[in-house]
Amino acid sequence: MTQNNLFFSSKEFKNKAWVKDKKIYKEAEKNPVKFWEKLAAKLFWFKKWKKSFVHNPPYSRVKLGTGRLAESENRPYFQWFAGGKINITENIFEKNLLGWEKIKNKTAVIWEPEPTNEEPKKLTYEELFKQVCKFANALKKLGVKKGDRVGIYLPMIPEAIISVLACARIGAVHTVIFSAFSPAALKIRLQDTGAKILITADGYYRRGRIIDLKKSADHGTKETKVKKVVVIKRAGNKIFFKKTRDLWWHELLKKENDYCKPAIMDAGDLLFLLATSGSTGRPKQTMHACGGYAVQAYWTGKWIFDFHQNDIFWCTADLGWVTGHTYGCYSPLLNGICFLFFEGAPDWPKPDRWAQIIEKYGVSIFYTAPTAIRMFEKYGEKIIKKYKFKKLRVLGTVGEPIDEDAWQWYFKNVGKSRCPIVDTWWQTETGGILISSLPGVGPFKPAFVGLPFPGIKFDILNEQGKSCKIGEQGNLVILPPFAPGLLQGLYKNPKKYKETYWSQYGNKAYFTSDGAIKDKQGLIRIVGRVDDVLKVAGHRITTGELENAVAKHPEITECAVIGIPDAIKGEVPIIFIVSKKIHKIGFCLEIKQEIIEQIKKEIGPIALPKEIYMVEDLPKTRSGKIMRRILKKLFIAEAPLNNCKANLTGQDLGDLSTLSNPETVEKIKKIIQQK
Ligand code: WT7
C-alpha cells in the first residue's frame, strides 16, 4: 500500500469504490463545464437550466433571483445552471437519487447527546421529512417568505438540521450562527443578514455544564430586526420567556401539517448566508446559491468519501461552520446515507469518547480536523488500543494543514494502516471540497491535499501572475469554470467581494488567499494563508478582528495580534498590548483578565489567545505601520511538533533598519523571555 511515502488503497477498496480509474481526470479536463453538466443532470430539477455556465454575464441578461441584491455592481461574476429550477430538499427526500421508497424507512440521522446517560435519538428519512415540513409550515405562518433570512443559533441537536432544511424547503435563506459565539458576535450577524426570525434553544450541554443559550440570544437580538424567537426545549434550564416574541418549538409544531410543498428555486437564488472572518471586526457574509451548491455537495461527498448505502458517516464539525453545512448535513442526506450528529465534545467525559462513538455505531467514514487528531494523539495510544475500528474504511481531514506526524498517527492508530485518508482542501467560500485525492484512486501523500476534484481547474501563481514551477511556492487560484458551489457574492458588500477574491488576478482567477506548492506528480500541498487569517484549531480568525475586539478596551492605546505555531491547535494567537498605565502595580494582571473577558464578549471562546504581553511600544515603520512580522520572529517553532518557544538567540530577526523604534524589539524580547 505504500511506495516512497505515497499510499494507495487496497484492491478490495478500489473494487467497490465509485471512482477507481484516474482517467476521470482527463475526461473532466477536456471540458469541465460538460463534465459538471453531466453530473448535475443526475439531480432532480423542476426545470432544466438554459445555460450551464456563464462567465461575466452581461448585466442585462442576468436574472436576479430572490434574495439576490439588485445593485448592478453585485452582478455575479459567473453563474452555474442559469435558468434551472431546483429545491435541495426535494433531492434529499421525495426525489432522492436512491429512490424514496428505498430510503424512507432508513435512518437518516443518529443523534448522540452529550450526557452519556441520555438516550440517543434516531430519525428515519420519512420522520425527518415530516418534521421538516411541519416546521416549514410553521415558519410560513410566522410570515417567513422566499428570500427572507432566518437566523439559527442552536447547539448540535436534531432540530438544527430540521431548521436548516425547513428554510430550504420554503426558499428562506438560512444563516446559522455557531452556538459558542457571544451575544455581540450574534448581534452583528443578525444585523448584517437582516434576519427577522431567530431559532434558538433554552440551553445545551458542554462538558457537563449547561450553557444558557437563550440568555445569549436575548442579548444578541437587541438592536436587530428579529421579531420572533422560536425556542427549543433542550436542557430544561430556566429562561426568560417574552410572551409577545418567544414561541416554543414543540407548541408550534403540534398544530402543523406534515407535508409542505417545496419552493421552486432558481439555481441562482440564495440557499444560505454564512459568515466568515473579515479583515476588520465585521465578518463577511458569503452567499451560496441553490443549484450549484446542491450539485457540488452531492458529488464531492459521493466520490471523496465514497458514500455507499450502508455507510455510517461521522463529520465532527459543528453545523455552525461550512463543514457542518455541507458534510455534516446536506451531502450525506443528498446521498441517502446515515450520519451521526453529536452534541458534545469528542474528549468528554473521557478522552476516548470519540473512539467509543465510532465503535458503538460502527462508523465507517470519519471526518475530522487535524487539531482533533493531534489532541487524540496527545492522550496516547493506550486509550484507544482496545478499539478495533473494524467498520472504518475512509478517514478524512479538513480545516488546516495536517503535519506528517499527525497524518501517520491517524493512518496507523485510527485507520489501522488500512483506510485511505482524504485530506480535503476547501473554504467557507467554496461551499464544498475542491481539492482532495479520491479514495479509490489516490495516491495519498502525508501533508499533501492531493489533486483537484475532477472538473476543478487550478493554478499556483506568483505575485506577477505567472505559473509557479514544481516545488515553488505561490498563491493558489481556481480557474474558470471555477466551481458550482463557489460563493456568488458577499451579502451587501460587492466591493469587498471584488477586492478579496477578484482583484489579485482579475476576473479570470478566484484568489484563495492560500499559499501552495505542487510536486512532480501534480499533488498539491497547502502551506497556509497568505493574508491575516489565523487558523486556530481549524477556526478562522483574523488578526484584525481580534485587534478590534482588544482595542475596544478603554485602557488600551495600541495592540497587535500574531499567530504562532502550536502543537495541538496548529496555530494560536498572541496579543501584544500597549497601555499608558503600564507601570501601575497589579494593573498588568487585571487588564489581561479584562481582555480575556472582552474577547469572550466580542467574539467567543474560540478566539482566546495563548498569551498576552504588555509592552511599552510596538515595532513600527517610519510611516507608523506595526511590524507584526518582526513580532512573529521573536518566536521560533520547534520541529517536528511545532511547539513554539521564545527565540532566545534572537537570530534572524531580519532587517530592523526600517523601524522607527528598533530599540523596542530588545525590550519586547526580554518580556517574552521572562515568561
Ligand atoms: C481555510 C478555509 C473548509 C472547511 C473548513 C475551513 C485552510 C482548509 C485545509 C486542508 C490545509 C486547509 C485553508 C483555507 N484549510 N482545509 N485540508 N489543508 N489547509 O473553512 O474556515 O473557511 O477556512 O482553511 O487555509 O483557506 P474556513
# chains A, B, ... in the order shown; residues from 1 in each chain; ligands from 1
call {"tool": "closest_atom_pairs", "arguments": {"of": "region 463-536 of chain A", "to": "region 558-576 of chain A", "cutoff": "9 Å", "atoms": "only C-alpha atoms", "output": "JSON lines"}}
result
{"residue": "A:Asp532", "atom": "CA", "partner": "A:Ile562", "partner_atom": "CA", "distance": 8.7}
{"residue": "A:Val533", "atom": "CA", "partner": "A:Gly563", "partner_atom": "CA", "distance": 8.8}
{"residue": "A:Leu534", "atom": "CA", "partner": "A:Gly563", "partner_atom": "CA", "distance": 6.1}
{"residue": "A:Lys535", "atom": "CA", "partner": "A:Glu571", "partner_atom": "CA", "distance": 5.9}
{"residue": "A:Val536", "atom": "CA", "partner": "A:Glu571", "partner_atom": "CA", "distance": 5.0}
call {"tool": "write_last_selection", "arguments": {"atoms": "C-alpha atoms", "output": "PDB file, in the first residue's frame"}}
result
ATOM      1  CA  ASP A 532      -4.085  37.960   8.014  1.00  0.00           C
ATOM      2  CA  VAL A 533      -6.200  34.890   8.739  1.00  0.00           C
ATOM      3  CA  LEU A 534      -5.129  32.612  11.590  1.00  0.00           C
ATOM      4  CA  LYS A 535      -6.333  29.036  11.682  1.00  0.00           C
ATOM      5  CA  VAL A 536      -6.792  28.340  15.362  1.00  0.00           C
TER       6      VAL A 536
END
call {"tool": "residues_near_ligand", "arguments": {"ligand": "ligand 1", "cutoff": "6 Å", "atoms": "only C-alpha atoms and all ligand atoms", "output": "ChimeraX atom specification"}}
result
/A:322-323,398-401,423-428,449,514,526,528-529,539-540
call {"tool": "closest_atom_pairs", "arguments": {"of": "region 171-213 of chain A", "to": "region 280-290 of chain A", "cutoff": "12 Å", "atoms": "only C-alpha atoms", "output": "JSON lines"}}
result
{"residue": "A:Gly171", "atom": "CA", "partner": "A:Cys290", "partner_atom": "CA", "distance": 9.1}
{"residue": "A:Ala172", "atom": "CA", "partner": "A:Cys290", "partner_atom": "CA", "distance": 11.0}
{"residue": "A:Val173", "atom": "CA", "partner": "A:His288", "partner_atom": "CA", "distance": 9.4}
{"residue": "A:His174", "atom": "CA", "partner": "A:His288", "partner_atom": "CA", "distance": 10.3}
{"residue": "A:Thr175", "atom": "CA", "partner": "A:Gln285", "partner_atom": "CA", "distance": 9.1}
{"residue": "A:Val176", "atom": "CA", "partner": "A:Gln285", "partner_atom": "CA", "distance": 11.0}
{"residue": "A:Ile177", "atom": "CA", "partner": "A:Gln285", "partner_atom": "CA", "distance": 11.3}
{"residue": "A:Ala184", "atom": "CA", "partner": "A:Arg282", "partner_atom": "CA", "distance": 11.2}
{"residue": "A:Ala185", "atom": "CA", "partner": "A:Pro283", "partner_atom": "CA", "distance": 9.1}
{"residue": "A:Leu186", "atom": "CA", "partner": "A:Pro283", "partner_atom": "CA", "distance": 10.9}
{"residue": "A:Lys187", "atom": "CA", "partner": "A:Arg282", "partner_atom": "CA", "distance": 11.0}
{"residue": "A:Ile188", "atom": "CA", "partner": "A:Arg282", "partner_atom": "CA", "distance": 7.4}
{"residue": "A:Arg189", "atom": "CA", "partner": "A:Pro283", "partner_atom": "CA", "distance": 7.6}
{"residue": "A:Leu190", "atom": "CA", "partner": "A:Gln285", "partner_atom": "CA", "distance": 10.7}
{"residue": "A:Gln191", "atom": "CA", "partner": "A:Arg282", "partner_atom": "CA", "distance": 10.7}
{"residue": "A:Asp192", "atom": "CA", "partner": "A:Gln285", "partner_atom": "CA", "distance": 7.8}
{"residue": "A:Thr193", "atom": "CA", "partner": "A:Gln285", "partner_atom": "CA", "distance": 7.7}
{"residue": "A:Gly194", "atom": "CA", "partner": "A:Gln285", "partner_atom": "CA", "distance": 11.5}
call {"tool": "atom_distance", "arguments": {"atom1": "CA of Arg393 (chain A)", "atom2": "CA of Pro443 (chain A)"}}
result
15.9 Å
call {"tool": "select_by_dssp", "arguments": {"residues": "region 171-362 of chain A", "states": "alpha helix (DSSP H)", "output": "PyMOL selection string"}}
result
chain A and resi 183-193+213-220+249-254+290-304+322-325+331-334+353-361
